[in-house]
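Before any comments, here is the structure.
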Amino acid sequence: MQGFLARFRDAVRFLETSEDLVVVSHYDADGLTSGAIASTILDRMGKEHEVVPVKKLDESTVKDVANKGSAFWFVDLGSGQLDVIQEHVGSDYLICDHHETVSGIDAAGVHLNAHQLGWDGSSEISGAGMTYLVGKTVSDKNIDLSAIAVVGAVGDMQDSTGALVGKNREIVRDGQSSGYLGVFRDLRLFGRYTRPLIQFLSYSSDPVIPGLTGNDSGCARFLSDIGIPVKKGDKWLSYMDLPSDDRKRLVSGLYVYALSNGVDEGTIKTMFGEVYELVKESPDSYTRDAKDFATILNACGRHGEMEVGIQVAKGDRGEYYDRAVNILQKHKRTIHDAIRWALSNDIDSFDSMYVLDGRGKIEDSIIGIVAGMLYNAGAVPRDKPIIALANDEDGNIKISGRANWALVKKGIHLGNAMKELASEFGGAGGGHNIAAGATVSKDKKDEFLERLSKKLGEQIS
Ligand SMILES: [Mn+2]
């Protein structure tokens, strides 16, 4: 195998010699930032192109895309679909992906996959990072795109240990040295700049803090107990509106509160760590903090407004940015309405799990979020996992499960249970111990749920 520098040069040569390009990206935050970075690189090279974000890359999507141009740049996806890609576009492609590749066939085009280059694509580099590295090989002038690549990595939660590492670390340094990115140690919660303090604490569910998560009045009391004002005049204060002494007191108060309310210290520590700021962005905007930026892009993707996400990631702060903020608000409202619906409807109790049947009421794109929030808000008891159902667009049923750390310690592993059962039922499934999902056909729903409850019972016995 060639060295990785030679392979990035192959990628640049491909872009230089191609015309009529199509960029194909995934539709989540990492995918949209990947697409935006690729598009900016091509703009700067003076290359005509089109960006096509997709929900998933299957044969029919590849066929559609193949008709749109004559050369193809797949970003944040593609490694697992080499066979289909080669069948429909031959060797006229460049792939920048970080998912573990499943196909063992030799690439006819240029294939850059993190794992094949010796980097761990689950924690050390994202799709946006892979795309950025191509840009940096094209020209040092693309170094400003490092900040957007960091948004992609944060969107894929590659900072979940408290800091970006590996290749991501080099990209962070590019961002700092070019003056686009600031790195600080702080609370790693969504909305440091953009959420009023009470919602800042009550909406954050990672980790769940009993008494605060999902509990606005509990948060108000906690803040008043430690002497933090939530308002100045008529203005609700955000965390970053506070003077630094107040921020310090809030951080240490939160630490003590979580500890004395039974959250284990290891989990509490994940709340603190590095935060990444796009320092040229306006402080009160959703594009300042990388976590907020990723959230607004994810909302665009989930609501089918990928073009809006691409334009915001490319730098639009006018019409498209305003639309993205509206989409974020709609996203929050959709979740809020879904939770209200769920709270006023019965939740079934199986032997070893609770079941929320959201079919026809809650969209499959948010069913997992809703299940988690219900759970965290104390709307269902925490002695069993919660399993939620929604219809998906293919006429199947999406099943989302959420557990908590206490259950995981007892032996619950939702990901294993979903994976084993889904493969038995001919569907897809898997995930983490604490959060997982599966898709099954309609007629197998009841049997699947019974078997799932049985399996979860076995895990803790
Ligand atoms: Mn990704």
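Residues are named by chain letter and number: chains run A, B, ... in the order of the structure tokens, numbers start at 1 in each chain, and ligands are numbered from 1 in the order shown.
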
Could you list the protein, DNA and RNA residues that have any atom within 6 Å of ligand 1, counting only C-alpha atoms and all ligand atoms, and write them as JSON, numbers by chain? {"A": [30, 31, 76, 126, 127, 156]}

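Non-sequential neighbours of His49 in chain A (distance at most 12 Å, separation of 4 or more positions within a chain, only C-alpha atoms) are A:Leu15, A:Ser18, A:Glu19, A:Asp20, A:Leu21, A:Val22, A:Val23, A:Val24, A:Gly35, A:Ala36, A:Ala38, A:Ser39, A:Thr40, A:Ile41, A:Leu42, A:Asp43, A:Arg44, A:Met45, A:Lys68, A:Gly69, A:Ser70, A:Ala71, A:Phe72, A:Trp73.
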
Could you write those residues out with N, CA and C atoms, as a PDB file, in the first residue's frame?
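Output (result_27.pdb):
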ATOM      1  N   LEU A  15      -9.433  15.370  -8.254  1.00  0.00           N
ATOM      2  CA  LEU A  15     -10.263  16.579  -8.293  1.00  0.00           C
ATOM      3  C   LEU A  15      -9.809  17.512  -9.411  1.00  0.00           C
ATOM      4  N   SER A  18     -10.975  16.183 -12.843  1.00  0.00           N
ATOM      5  CA  SER A  18     -12.397  15.865 -13.043  1.00  0.00           C
ATOM      6  C   SER A  18     -13.203  17.124 -13.344  1.00  0.00           C
ATOM      7  N   GLU A  19     -14.267  16.951 -14.120  1.00  0.00           N
ATOM      8  CA  GLU A  19     -15.220  18.035 -14.382  1.00  0.00           C
ATOM      9  C   GLU A  19     -16.606  17.509 -14.044  1.00  0.00           C
ATOM     10  N   ASP A  20     -17.560  18.449 -13.937  1.00  0.00           N
ATOM     11  CA  ASP A  20     -18.946  18.029 -13.747  1.00  0.00           C
ATOM     12  C   ASP A  20     -19.075  17.112 -12.521  1.00  0.00           C
ATOM     13  N   LEU A  21     -18.593  17.643 -11.383  1.00  0.00           N
ATOM     14  CA  LEU A  21     -18.511  16.826 -10.161  1.00  0.00           C
ATOM     15  C   LEU A  21     -19.807  16.815  -9.355  1.00  0.00           C
ATOM     16  N   VAL A  22     -20.024  15.718  -8.671  1.00  0.00           N
ATOM     17  CA  VAL A  22     -21.125  15.620  -7.720  1.00  0.00           C
ATOM     18  C   VAL A  22     -20.547  15.207  -6.368  1.00  0.00           C
ATOM     19  N   VAL A  23     -20.829  16.019  -5.337  1.00  0.00           N
ATOM     20  CA  VAL A  23     -20.423  15.669  -3.971  1.00  0.00           C
ATOM     21  C   VAL A  23     -21.608  14.956  -3.317  1.00  0.00           C
ATOM     22  N   VAL A  24     -21.388  13.764  -2.813  1.00  0.00           N
ATOM     23  CA  VAL A  24     -22.453  13.015  -2.153  1.00  0.00           C
ATOM     24  C   VAL A  24     -22.084  12.884  -0.675  1.00  0.00           C
ATOM     25  N   GLY A  35     -19.837  17.702   3.389  1.00  0.00           N
ATOM     26  CA  GLY A  35     -20.301  18.201   2.100  1.00  0.00           C
ATOM     27  C   GLY A  35     -19.930  19.660   1.903  1.00  0.00           C
ATOM     28  N   ALA A  36     -20.062  20.448   2.986  1.00  0.00           N
ATOM     29  CA  ALA A  36     -19.746  21.881   2.897  1.00  0.00           C
ATOM     30  C   ALA A  36     -18.244  22.100   2.670  1.00  0.00           C
ATOM     31  N   ALA A  38     -16.126  19.953   1.251  1.00  0.00           N
ATOM     32  CA  ALA A  38     -15.830  19.528  -0.130  1.00  0.00           C
ATOM     33  C   ALA A  38     -16.255  20.607  -1.119  1.00  0.00           C
ATOM     34  N   SER A  39     -17.446  21.169  -0.896  1.00  0.00           N
ATOM     35  CA  SER A  39     -17.976  22.174  -1.810  1.00  0.00           C
ATOM     36  C   SER A  39     -17.108  23.443  -1.809  1.00  0.00           C
ATOM     37  N   THR A  40     -16.650  23.851  -0.622  1.00  0.00           N
ATOM     38  CA  THR A  40     -15.799  25.041  -0.546  1.00  0.00           C
ATOM     39  C   THR A  40     -14.461  24.805  -1.243  1.00  0.00           C
ATOM     40  N   ILE A  41     -13.902  23.604  -1.048  1.00  0.00           N
ATOM     41  CA  ILE A  41     -12.646  23.261  -1.721  1.00  0.00           C
ATOM     42  C   ILE A  41     -12.832  23.377  -3.241  1.00  0.00           C
ATOM     43  N   LEU A  42     -13.937  22.827  -3.749  1.00  0.00           N
ATOM     44  CA  LEU A  42     -14.189  22.847  -5.194  1.00  0.00           C
ATOM     45  C   LEU A  42     -14.454  24.263  -5.691  1.00  0.00           C
ATOM     46  N   ASP A  43     -15.203  25.067  -4.908  1.00  0.00           N
ATOM     47  CA  ASP A  43     -15.404  26.484  -5.267  1.00  0.00           C
ATOM     48  C   ASP A  43     -14.059  27.160  -5.469  1.00  0.00           C
ATOM     49  N   ARG A  44     -13.166  26.923  -4.511  1.00  0.00           N
ATOM     50  CA  ARG A  44     -11.865  27.608  -4.563  1.00  0.00           C
ATOM     51  C   ARG A  44     -11.000  27.097  -5.716  1.00  0.00           C
ATOM     52  N   MET A  45     -11.254  25.871  -6.163  1.00  0.00           N
ATOM     53  CA  MET A  45     -10.531  25.335  -7.326  1.00  0.00           C
ATOM     54  C   MET A  45     -11.192  25.766  -8.633  1.00  0.00           C
ATOM     55  N   LYS A  68     -26.340  12.338 -12.258  1.00  0.00           N
ATOM     56  CA  LYS A  68     -26.247  13.778 -12.033  1.00  0.00           C
ATOM     57  C   LYS A  68     -24.936  14.413 -12.486  1.00  0.00           C
ATOM     58  N   GLY A  69     -23.928  13.610 -12.803  1.00  0.00           N
ATOM     59  CA  GLY A  69     -22.651  14.189 -13.186  1.00  0.00           C
ATOM     60  C   GLY A  69     -21.744  13.154 -13.780  1.00  0.00           C
ATOM     61  N   SER A  70     -20.427  13.483 -13.884  1.00  0.00           N
ATOM     62  CA  SER A  70     -19.529  12.490 -14.470  1.00  0.00           C
ATOM     63  C   SER A  70     -18.389  12.082 -13.538  1.00  0.00           C
ATOM     64  N   ALA A  71     -18.220  12.797 -12.401  1.00  0.00           N
ATOM     65  CA  ALA A  71     -17.214  12.371 -11.417  1.00  0.00           C
ATOM     66  C   ALA A  71     -17.824  12.585 -10.036  1.00  0.00           C
ATOM     67  N   PHE A  72     -17.445  11.745  -9.062  1.00  0.00           N
ATOM     68  CA  PHE A  72     -18.201  11.697  -7.796  1.00  0.00           C
ATOM     69  C   PHE A  72     -17.276  11.709  -6.589  1.00  0.00           C
ATOM     70  N   TRP A  73     -17.626  12.590  -5.654  1.00  0.00           N
ATOM     71  CA  TRP A  73     -16.850  12.675  -4.409  1.00  0.00           C
ATOM     72  C   TRP A  73     -17.773  12.313  -3.259  1.00  0.00           C
TER      73      TRP A  73
END

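The closest residue to Asn215 in chain A, picked from A:Thr287, A:Tyr203, A:Glu281, A:Arg9 and counting only C-alpha atoms, is A:Tyr203.
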
Using DSSP on the backbone coordinates, identify the residues of range 52-87 of chain A assigned to strand (DSSP E or B); present them as a VMD selection string. chain A and resid 52 to 54 71 to 75

Export of the given selection (N, CA and C atoms) as a short mmCIF file (atom, residue, chain, number, x, y, z; two decimals), in the first residue's frame:
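Final output, selection.cif:
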data_model
loop_
_atom_site.label_atom_id
_atom_site.label_comp_id
_atom_site.auth_asym_id
_atom_site.auth_seq_id
_atom_site.Cartn_x
_atom_site.Cartn_y
_atom_site.Cartn_z
N VAL A 52 -25.10 16.69 -3.03
CA VAL A 52 -26.30 15.88 -2.81
C VAL A 52 -26.20 15.13 -1.48
N PRO A 53 -26.80 15.68 -0.41
CA PRO A 53 -26.80 14.94 0.86
C PRO A 53 -27.87 13.85 0.83
N VAL A 54 -27.55 12.67 1.35
CA VAL A 54 -28.50 11.56 1.33
C VAL A 54 -28.64 10.94 2.72
N ALA A 71 -18.22 12.80 -12.40
CA ALA A 71 -17.21 12.37 -11.42
C ALA A 71 -17.82 12.59 -10.04
N PHE A 72 -17.45 11.75 -9.06
CA PHE A 72 -18.20 11.70 -7.80
C PHE A 72 -17.28 11.71 -6.59
N TRP A 73 -17.63 12.59 -5.65
CA TRP A 73 -16.85 12.67 -4.41
C TRP A 73 -17.77 12.31 -3.26
N PHE A 74 -17.57 11.12 -2.70
CA PHE A 74 -18.39 10.65 -1.59
C PHE A 74 -17.71 11.03 -0.28
N VAL A 75 -18.45 11.72 0.60
CA VAL A 75 -17.86 12.14 1.87
C VAL A 75 -18.70 11.66 3.05
#

Separation of CA of Gly227 in chain A from CA of Asp246 in chain A, in Å and rounded to one decimal: 8.4 Å

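We find CA of Phe425 in chain A and CA of Ile369 in chain A to be spaced 24.5 Å apart.
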
So that I can check the secondary structure, give me every residue of range 170-398 of chain A assigned alpha helix (DSSP H) by backbone DSSP, as number ranges by chain. A: 170-177, 197-202, 216-225, 244-260, 265-269, 290-302, 306-313, 319-343, 367-376

Okay, now the selection with C-alpha atoms, as a JSON list (two decimals), in the first residue's frame?
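Ended up saving to selection31.json:
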[["chain", "number", "residue", "atom", "x", "y", "z"],
["A", 170, "GLU", "CA", -4.01, 18.03, 14.66],
["A", 171, "ILE", "CA", -7.09, 19.57, 13.08],
["A", 172, "VAL", "CA", -7.84, 21.42, 16.34],
["A", 173, "ARG", "CA", -4.29, 22.79, 16.26],
["A", 174, "ASP", "CA", -4.77, 23.97, 12.65],
["A", 175, "GLY", "CA", -7.87, 25.79, 13.83],
["A", 176, "GLN", "CA", -6.01, 27.45, 16.68],
["A", 177, "SER", "CA", -2.95, 28.44, 14.65],
["A", 197, "LEU", "CA", -29.61, 29.03, 32.44],
["A", 198, "ILE", "CA", -32.61, 27.01, 33.65],
["A", 199, "GLN", "CA", -33.09, 25.27, 30.29],
["A", 200, "PHE", "CA", -29.34, 24.95, 29.92],
["A", 201, "LEU", "CA", -29.38, 22.63, 32.95],
["A", 202, "SER", "CA", -32.80, 21.00, 32.63],
["A", 216, "ASP", "CA", -37.19, 23.37, 35.42],
["A", 217, "SER", "CA", -38.28, 24.24, 38.95],
["A", 218, "GLY", "CA", -35.57, 22.02, 40.41],
["A", 219, "CYS", "CA", -33.00, 23.88, 38.31],
["A", 220, "ALA", "CA", -34.37, 27.27, 39.37],
["A", 221, "ARG", "CA", -34.09, 26.21, 43.04],
["A", 222, "PHE", "CA", -30.58, 24.85, 42.59],
["A", 223, "LEU", "CA", -29.43, 28.09, 40.95],
["A", 224, "SER", "CA", -30.98, 30.25, 43.63],
["A", 225, "ASP", "CA", -29.48, 28.06, 46.39],
["A", 244, "SER", "CA", -16.44, 34.18, 35.54],
["A", 245, "ASP", "CA", -16.76, 33.95, 39.34],
["A", 246, "ASP", "CA", -20.41, 32.96, 38.99],
["A", 247, "ARG", "CA", -19.53, 30.43, 36.32],
["A", 248, "LYS", "CA", -16.93, 28.86, 38.62],
["A", 249, "ARG", "CA", -19.44, 28.69, 41.46],
["A", 250, "LEU", "CA", -22.01, 27.10, 39.17],
["A", 251, "VAL", "CA", -19.52, 24.47, 37.98],
["A", 252, "SER", "CA", -18.41, 23.49, 41.47],
["A", 253, "GLY", "CA", -22.00, 23.63, 42.75],
["A", 254, "LEU", "CA", -23.09, 21.32, 39.97],
["A", 255, "TYR", "CA", -20.28, 18.92, 40.76],
["A", 256, "VAL", "CA", -21.21, 18.70, 44.42],
["A", 257, "TYR", "CA", -24.95, 18.49, 43.66],
["A", 258, "ALA", "CA", -24.50, 15.63, 41.17],
["A", 259, "LEU", "CA", -22.19, 13.76, 43.52],
["A", 260, "SER", "CA", -24.54, 14.06, 46.48],
["A", 265, "GLU", "CA", -17.85, 10.55, 39.80],
["A", 266, "GLY", "CA", -16.65, 9.05, 36.50],
["A", 267, "THR", "CA", -19.91, 10.05, 34.85],
["A", 268, "ILE", "CA", -19.81, 13.54, 36.35],
["A", 269, "LYS", "CA", -16.32, 14.07, 34.95],
["A", 290, "ALA", "CA", -19.08, 23.59, 17.97],
["A", 291, "LYS", "CA", -21.68, 21.60, 19.93],
["A", 292, "ASP", "CA", -24.47, 24.09, 19.18],
["A", 293, "PHE", "CA", -23.34, 24.31, 15.54],
["A", 294, "ALA", "CA", -23.53, 20.52, 15.19],
["A", 295, "THR", "CA", -26.98, 20.51, 16.83],
["A", 296, "ILE", "CA", -28.41, 23.03, 14.40],
["A", 297, "LEU", "CA", -27.03, 21.04, 11.45],
["A", 298, "ASN", "CA", -28.47, 17.79, 12.82],
["A", 299, "ALA", "CA", -31.87, 19.48, 13.11],
["A", 300, "CYS", "CA", -31.65, 20.54, 9.43],
["A", 301, "GLY", "CA", -30.81, 16.98, 8.38],
["A", 302, "ARG", "CA", -33.54, 15.35, 10.45],
["A", 306, "MET", "CA", -30.08, 19.45, 4.03],
["A", 307, "GLU", "CA", -29.46, 22.34, 1.61],
["A", 308, "VAL", "CA", -30.00, 24.79, 4.47],
["A", 309, "GLY", "CA", -27.45, 22.90, 6.58],
["A", 310, "ILE", "CA", -24.90, 22.86, 3.75],
["A", 311, "GLN", "CA", -25.22, 26.62, 3.19],
["A", 312, "VAL", "CA", -24.87, 27.41, 6.91],
["A", 313, "ALA", "CA", -21.83, 25.13, 7.17],
["A", 319, "GLU", "CA", -31.24, 33.85, 4.93],
["A", 320, "TYR", "CA", -30.11, 30.25, 5.36],
["A", 321, "TYR", "CA", -28.91, 30.80, 8.92],
["A", 322, "ASP", "CA", -32.32, 32.27, 9.84],
["A", 323, "ARG", "CA", -34.02, 29.28, 8.27],
["A", 324, "ALA", "CA", -31.75, 26.91, 10.23],
["A", 325, "VAL", "CA", -32.70, 28.62, 13.50],
["A", 326, "ASN", "CA", -36.38, 28.16, 12.58],
["A", 327, "ILE", "CA", -35.76, 24.50, 11.86],
["A", 328, "LEU", "CA", -34.03, 24.09, 15.23],
["A", 329, "GLN", "CA", -37.02, 25.67, 16.95],
["A", 330, "LYS", "CA", -39.40, 23.45, 14.97],
["A", 331, "HIS", "CA", -37.23, 20.47, 15.95],
["A", 332, "LYS", "CA", -37.50, 21.39, 19.64],
["A", 333, "ARG", "CA", -41.24, 21.93, 19.29],
["A", 334, "THR", "CA", -41.72, 18.55, 17.57],
["A", 335, "ILE", "CA", -39.89, 16.87, 20.43],
["A", 336, "HIS", "CA", -41.80, 18.88, 23.02],
["A", 337, "ASP", "CA", -45.17, 17.95, 21.43],
["A", 338, "ALA", "CA", -44.15, 14.31, 21.18],
["A", 339, "ILE", "CA", -43.24, 14.26, 24.85],
["A", 340, "ARG", "CA", -46.53, 15.87, 25.83],
["A", 341, "TRP", "CA", -48.39, 13.30, 23.78],
["A", 342, "ALA", "CA", -46.41, 10.49, 25.40],
["A", 343, "LEU", "CA", -47.02, 11.84, 28.91],
["A", 367, "ILE", "CA", -38.43, 8.48, 18.68],
["A", 368, "GLY", "CA", -35.10, 7.64, 20.35],
["A", 369, "ILE", "CA", -34.65, 11.21, 21.62],
["A", 370, "VAL", "CA", -38.20, 11.19, 23.00],
["A", 371, "ALA", "CA", -37.70, 7.84, 24.73],
["A", 372, "GLY", "CA", -34.52, 9.11, 26.37],
["A", 373, "MET", "CA", -36.07, 12.39, 27.51],
["A", 374, "LEU", "CA", -39.19, 10.76, 28.95],
["A", 375, "TYR", "CA", -37.03, 8.47, 30.88],
["A", 376, "ASN", "CA", -34.71, 11.19, 32.07]]

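Using only C-alpha atoms, the residues found no farther than 12 Å from Asp446 in chain A, other than those of its own chain fewer than 3 positions away, are Phe350, Val355, Asp357, Leu389, Ile397, Ile399, Phe425, Val440, Ser441, Lys442, Asp443, Leu449, Glu450, Arg451, Leu452 and Ser453 of chain A.
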
Could you save those same residues with C-alpha atoms as a compact mmCIF listing (two decimals), in the first residue's frame?
# COMPACT_ATOMS: atom_id res chain seq x y z
CA PHE A 350 -43.73 -5.71 30.25
CA VAL A 355 -43.11 0.19 26.09
CA ASP A 357 -46.14 2.89 21.32
CA LEU A 389 -41.99 2.26 18.70
CA ILE A 397 -41.34 -0.49 12.68
CA ILE A 399 -37.74 0.21 17.85
CA PHE A 425 -36.01 -11.66 12.90
CA VAL A 440 -38.54 -5.10 12.23
CA SER A 441 -41.44 -5.77 9.90
CA LYS A 442 -44.94 -4.93 11.15
CA ASP A 443 -46.20 -8.49 11.51
CA LEU A 449 -41.30 -7.28 21.97
CA GLU A 450 -42.03 -10.43 23.95
CA ARG A 451 -38.65 -11.91 23.08
CA LEU A 452 -36.91 -8.62 23.86
CA SER A 453 -38.47 -8.44 27.31

Do you have the CA of Gly182 in chain A-CA of Gly135 in chain A distance handy? 21.0 Å

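With only C-alpha atoms as the basis for measurement, A:Leu117 is the residue among A:Glu305, A:Leu117, A:Ser34, A:Ile125 that approaches Gly3 in chain A most closely.
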
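Residues surrounding Gln81 in chain A within 12 Å are A:Lys56, A:Leu57, A:Asp58, A:Glu59, A:Ser60, A:Thr61, A:Val62, A:Phe74, A:Asp76, A:Gln86, A:Glu87, A:His88, A:Val89, A:Ile95, A:Asp97, A:His99, A:Glu100, A:Thr101, A:Val102, A:Ser103, A:Gly104, A:Ile105, A:Asp106, A:Ala107, A:His111 [only C-alpha atoms; sequence separation below 5 positions excluded].
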
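Each of A:Asp264, A:Glu420, A:Asp316, A:Asp92 was checked against Val110 in chain A using only C-alpha atoms; the smallest atom-to-atom distance is that of A:Asp92.
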
Excluding Thr439 in chain A and its own-chain neighbours fewer than 3 positions away, which residues fall within 12 Å of it when counting only C-alpha atoms? Please give them as a ChimeraX atom specification. /A:364,388-401,418-419,421-430,436,442-445,448-449

Export of prior selection with C-alpha atoms as a PDB file, in the first residue's frame:
ATOM      1  CA  ASP A 364     -39.071   7.726  13.645  1.00  0.00           C
ATOM      2  CA  ALA A 388     -40.366   3.061  22.053  1.00  0.00           C
ATOM      3  CA  LEU A 389     -41.990   2.265  18.701  1.00  0.00           C
ATOM      4  CA  ALA A 390     -42.500   4.366  15.572  1.00  0.00           C
ATOM      5  CA  ASN A 391     -43.419   3.710  11.939  1.00  0.00           C
ATOM      6  CA  ASP A 392     -40.549   4.226   9.517  1.00  0.00           C
ATOM      7  CA  GLU A 393     -40.810   5.430   5.920  1.00  0.00           C
ATOM      8  CA  ASP A 394     -40.343   1.930   4.491  1.00  0.00           C
ATOM      9  CA  GLY A 395     -43.437   0.585   6.257  1.00  0.00           C
ATOM     10  CA  ASN A 396     -41.465  -1.192   8.973  1.00  0.00           C
ATOM     11  CA  ILE A 397     -41.340  -0.492  12.685  1.00  0.00           C
ATOM     12  CA  LYS A 398     -38.467   1.306  14.295  1.00  0.00           C
ATOM     13  CA  ILE A 399     -37.744   0.215  17.851  1.00  0.00           C
ATOM     14  CA  SER A 400     -35.636   2.464  20.103  1.00  0.00           C
ATOM     15  CA  GLY A 401     -34.443   1.546  23.563  1.00  0.00           C
ATOM     16  CA  MET A 418     -31.315  -5.659  19.723  1.00  0.00           C
ATOM     17  CA  LYS A 419     -28.541  -7.021  17.538  1.00  0.00           C
ATOM     18  CA  LEU A 421     -32.934 -10.421  18.038  1.00  0.00           C
ATOM     19  CA  ALA A 422     -32.870  -8.323  14.870  1.00  0.00           C
ATOM     20  CA  SER A 423     -30.663 -10.810  13.092  1.00  0.00           C
ATOM     21  CA  GLU A 424     -33.007 -13.607  14.194  1.00  0.00           C
ATOM     22  CA  PHE A 425     -36.013 -11.659  12.904  1.00  0.00           C
ATOM     23  CA  GLY A 426     -34.372 -10.686   9.636  1.00  0.00           C
ATOM     24  CA  GLY A 427     -34.100  -6.972  10.464  1.00  0.00           C
ATOM     25  CA  ALA A 428     -31.244  -4.631  11.361  1.00  0.00           C
ATOM     26  CA  GLY A 429     -30.312  -3.684  14.918  1.00  0.00           C
ATOM     27  CA  GLY A 430     -27.608  -2.825  17.405  1.00  0.00           C
ATOM     28  CA  ALA A 436     -29.876   0.997  20.926  1.00  0.00           C
ATOM     29  CA  LYS A 442     -44.944  -4.933  11.150  1.00  0.00           C
ATOM     30  CA  ASP A 443     -46.200  -8.492  11.509  1.00  0.00           C
ATOM     31  CA  LYS A 444     -43.324  -9.449  13.811  1.00  0.00           C
ATOM     32  CA  LYS A 445     -43.746  -6.595  16.284  1.00  0.00           C
ATOM     33  CA  PHE A 448     -40.189  -9.211  18.880  1.00  0.00           C
ATOM     34  CA  LEU A 449     -41.300  -7.280  21.970  1.00  0.00           C
TER      35      LEU A 449
END

Compile the contact shell of Ser349 in chain A as a PyMOL selection string: residues with an atom at most 10 Å away, counting only C-alpha atoms, same-chain residues fewer than 2 positions apart removed. chain A and resi 346-347+351-356+380+384+386+453

Selected residues written out, N, CA and C atoms, as a compact mmCIF listing (two decimals), in the first residue's frame:
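Contents of selection_7.txt, freshly written:
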# COMPACT_ATOMS: atom_id res chain seq x y z
N ASP A 346 -50.84 6.03 27.82
CA ASP A 346 -50.35 4.94 28.66
C ASP A 346 -49.03 4.38 28.15
N ILE A 347 -48.21 4.03 29.11
CA ILE A 347 -46.98 3.33 28.79
C ILE A 347 -47.16 1.90 29.30
N ASP A 351 -42.62 -7.50 31.52
CA ASP A 351 -41.85 -8.01 32.65
C ASP A 351 -40.55 -7.25 32.86
N SER A 352 -39.83 -7.00 31.79
CA SER A 352 -38.49 -6.43 31.94
C SER A 352 -38.27 -5.14 31.18
N MET A 353 -39.36 -4.48 30.76
CA MET A 353 -39.21 -3.18 30.07
C MET A 353 -40.55 -2.44 30.03
N TYR A 354 -40.46 -1.13 29.80
CA TYR A 354 -41.66 -0.33 29.54
C TYR A 354 -41.73 -0.10 28.04
N VAL A 355 -42.96 0.00 27.52
CA VAL A 355 -43.11 0.19 26.09
C VAL A 355 -43.98 1.41 25.79
N LEU A 356 -43.43 2.33 25.01
CA LEU A 356 -44.19 3.48 24.52
C LEU A 356 -44.48 3.25 23.04
N VAL A 380 -41.23 7.81 33.39
CA VAL A 380 -41.38 6.37 33.62
C VAL A 380 -40.38 5.97 34.69
N LYS A 384 -36.62 -0.35 34.85
CA LYS A 384 -36.53 -1.17 33.63
C LYS A 384 -36.21 -0.24 32.46
N ILE A 386 -36.69 1.57 28.80
CA ILE A 386 -37.88 1.96 28.04
C ILE A 386 -37.64 1.66 26.56
N SER A 453 -38.27 -8.52 25.87
CA SER A 453 -38.47 -8.44 27.31
C SER A 453 -37.83 -9.64 28.01

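Among the candidates A:Val408, A:Leu145, A:Val84, A:Ile362, the one nearest to Thr33 in chain A when counting only C-alpha atoms is A:Leu145.
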
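For range 271-273 of chain A, the non-local neighbours within 7 Å, defined as residues at least 4 positions apart in the same chain or in other chains and counting only C-alpha atoms, are Gly162, Ala163, Arg185, Asp186, Leu187 and Arg188 of chain A.
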
For C-alpha atoms, I'd like the residues from the last selection saved as a PDB file, in the first residue's frame.
ATOM      1  CA  GLY A 162     -13.720  15.099  27.142  1.00  0.00           C
ATOM      2  CA  ALA A 163     -11.347  16.110  24.349  1.00  0.00           C
ATOM      3  CA  ARG A 185     -12.001  23.866  29.489  1.00  0.00           C
ATOM      4  CA  ASP A 186     -15.586  24.174  30.566  1.00  0.00           C
ATOM      5  CA  LEU A 187     -18.970  22.503  31.005  1.00  0.00           C
ATOM      6  CA  ARG A 188     -19.655  20.410  27.926  1.00  0.00           C
TER       7      ARG A 188
END
